[in-house]
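Right, one structure below, let's go through it.
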Amino acid sequence: MSTVLARRARLERALLLSPVLLLLALVVAVPALRVLLLGFTRTELADGVVTSWAGLATHARTLGDGRFLSALRNTALFTFLSVLLEVTLGTALALLLDRSFRGRGALRAVVLVPWALPTSVMALAWAWIFHDTFGMANDLLLRLGLIEAPVAWLAQPGTAMAALVVADAWKTTPFVALILLAGLQGIPREVIEAARVDGAGAFARFRRITLPLLVPSLVVATLFRSIQAWGAFDVVWVMTGGGPGGSTETLALYAYQSWFRYLDFGYGAAIAVQGMLVALLLAAVVVRLASRREEA
């Protein structure tokens, strides 16, 4: 009986998702499949421009492209660090906003301000904060005696990536906190109160009750943020432009440069499609692991 109900639930979910899946197939899957299977190159002739099909050879170029592999590594590092920081801070912020205190509604509204700001505006502000001469970060650290001389945050590979992660976390942690707060609101208060009556401390209640019941929300937040961080472009473009020396160049930025700067349309499309396929693979792994946990 449980098997029949599970199959029926999966069928209902598939029917509800079918309009969205059809739309994604038309606007994403079909063009991506066309580029993946065919690809194209741009050839300049005396009498005009000719577009010729190059098959999978365009995608094979990435295997020997050191810049592509560097961008892939930078994207993976940025995604891992930013999502880890955002989920950690978002969990703490959600737990705080879930508590009852005076002014909670106003604080919830203020917390969403970073998420509401345009990313380009936020990135420009953080670029000035990390400016080596006029930036507030250096000024504050100098006043506290933590550094002896101004640091060129955006001119060094390690600190430039760290600056990007901090800026992205400041922008998107409220989004993660909002999702987790919704999950916390769905946890029955009776369960937590029963654990309190049984003598469980705050940490024990969080580890054994709150956290397991919050896992579905954590999966959703991690999935959304991983896909968004993997396609990061605007924050990188505004703050570092991919520098110094390509140490912060992401796949999205490399695809943009290949398409608009170098006019290598086929290769730019191939980079974008391969980056999307990796993101889909990561999403599929996360969803599969979450499904196994629910079935267990």
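Each chain of the structure tokens is named A, B, ... in the order shown, its residues numbered from 1; ligands are numbered from 1 in display order.
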
>> Residues near Val165 of chain A, anyone? I mean within 12 Å using only C-alpha atoms, not counting same-chain ones fewer than 4 positions away, as a PyMOL selection string.
In response: chain A and resi 74-75+77-86+123+126+154+158-161+169-173+229+232+235-236+239+248

Please provide as a CSV table (one decimal) with C-alpha atoms, in the first residue's frame all residues within 9 Å of Gly90 of chain A, with the sequence filter that same-chain residues fewer than 6 positions apart are discarded (counting only C-alpha atoms).
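File written: selection01.csv
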chain,number,residue,atom,x,y,z
A,172,THR,CA,22.6,36.3,-0.3
A,173,THR,CA,22.7,35.2,3.3
A,174,PRO,CA,19.3,36.8,3.9
A,175,PHE,CA,17.8,34.6,1.1
A,176,VAL,CA,19.1,31.5,2.8
A,177,ALA,CA,17.9,32.7,6.2
A,178,LEU,CA,14.4,33.4,4.8
A,179,ILE,CA,14.1,29.8,3.4
A,180,LEU,CA,15.4,28.3,6.7
A,181,LEU,CA,13.1,30.6,8.7

> Which residue out of A:Thr210, A:Phe130, A:Thr62, A:Ala116 has the minimum interatomic distance to Thr91 of chain A when only C-alpha atoms are used?
Replying inline: A:Thr210

>> With distances taken over only C-alpha atoms, which residue among A:Val238, A:Met136, A:Arg208, A:Leu218 lies nearest Met122 of chain A?
In response: A:Val238

>> Here is a test: counting only C-alpha atoms, which residue of A:Val20, A:Ala272, A:Val121, A:Leu289 is nearest to Trp230 of chain A?
In response: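 Result for the nearest residue to Trp230 of chain A: A:Ala272.
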
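Of note, atom CA of Leu251 of chain A and atom CA of Leu72 of chain A are spaced 6.0 Å apart.
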
> Which neighbours of Gln257 of chain A fall inside 12 Å, counting only C-alpha atoms, when residues of the same chain fewer than 5 positions from it are skipped, and could you give them as a ChimeraX atom specification?
Replying inline: /A:67-68,71,233,237,241-242,246,249-252,262-265,267-269,271-272

> Distance atom CA of Phe134 of chain A-atom CA of Pro150 of chain A, one decimal place?
Replying inline: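 Computing the Euclidean distance for atom CA of Phe134 of chain A and atom CA of Pro150 of chain A yields 9.6 Å.
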
>> Please report the interatomic distance between atom CA of Ser100 of chain A and atom CA of Val191 of chain A in Å with one decimal.
In response: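 Atom CA of Val191 of chain A lies 17.6 Å from atom CA of Ser100 of chain A.
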
>> Quick check for you: according to DSSP on this backbone, which residues of segment 27-262 of chain A are classed as strand (DSSP E)? Reply as a VMD selection string.
In response: chain A and resid 41 to 45 48 to 52

>> With distances taken over only C-alpha atoms, which residue among A:Arg73, A:Arg205, A:Asp98, A:Ile227 lies nearest Gly186 of chain A?
In response: A:Asp98

>> I need the residue nearest Ser226 of chain A from this list: A:Ala163, A:Val111, A:Val285, A:Leu89. Use only C-alpha atoms for the distance.
In response: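 Checking each of A:Ala163, A:Val111, A:Val285, A:Leu89 against Ser226 of chain A, counting only C-alpha atoms, the winner is A:Val285.
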
>> I'd like to know which of A:Ala283, A:Leu23, A:Leu107, A:Ile187 is closest to Phe224 of chain A, using only C-alpha atoms.
In response: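 When distances to Phe224 of chain A are compared using only C-alpha atoms, the smallest one comes from A:Ala283.
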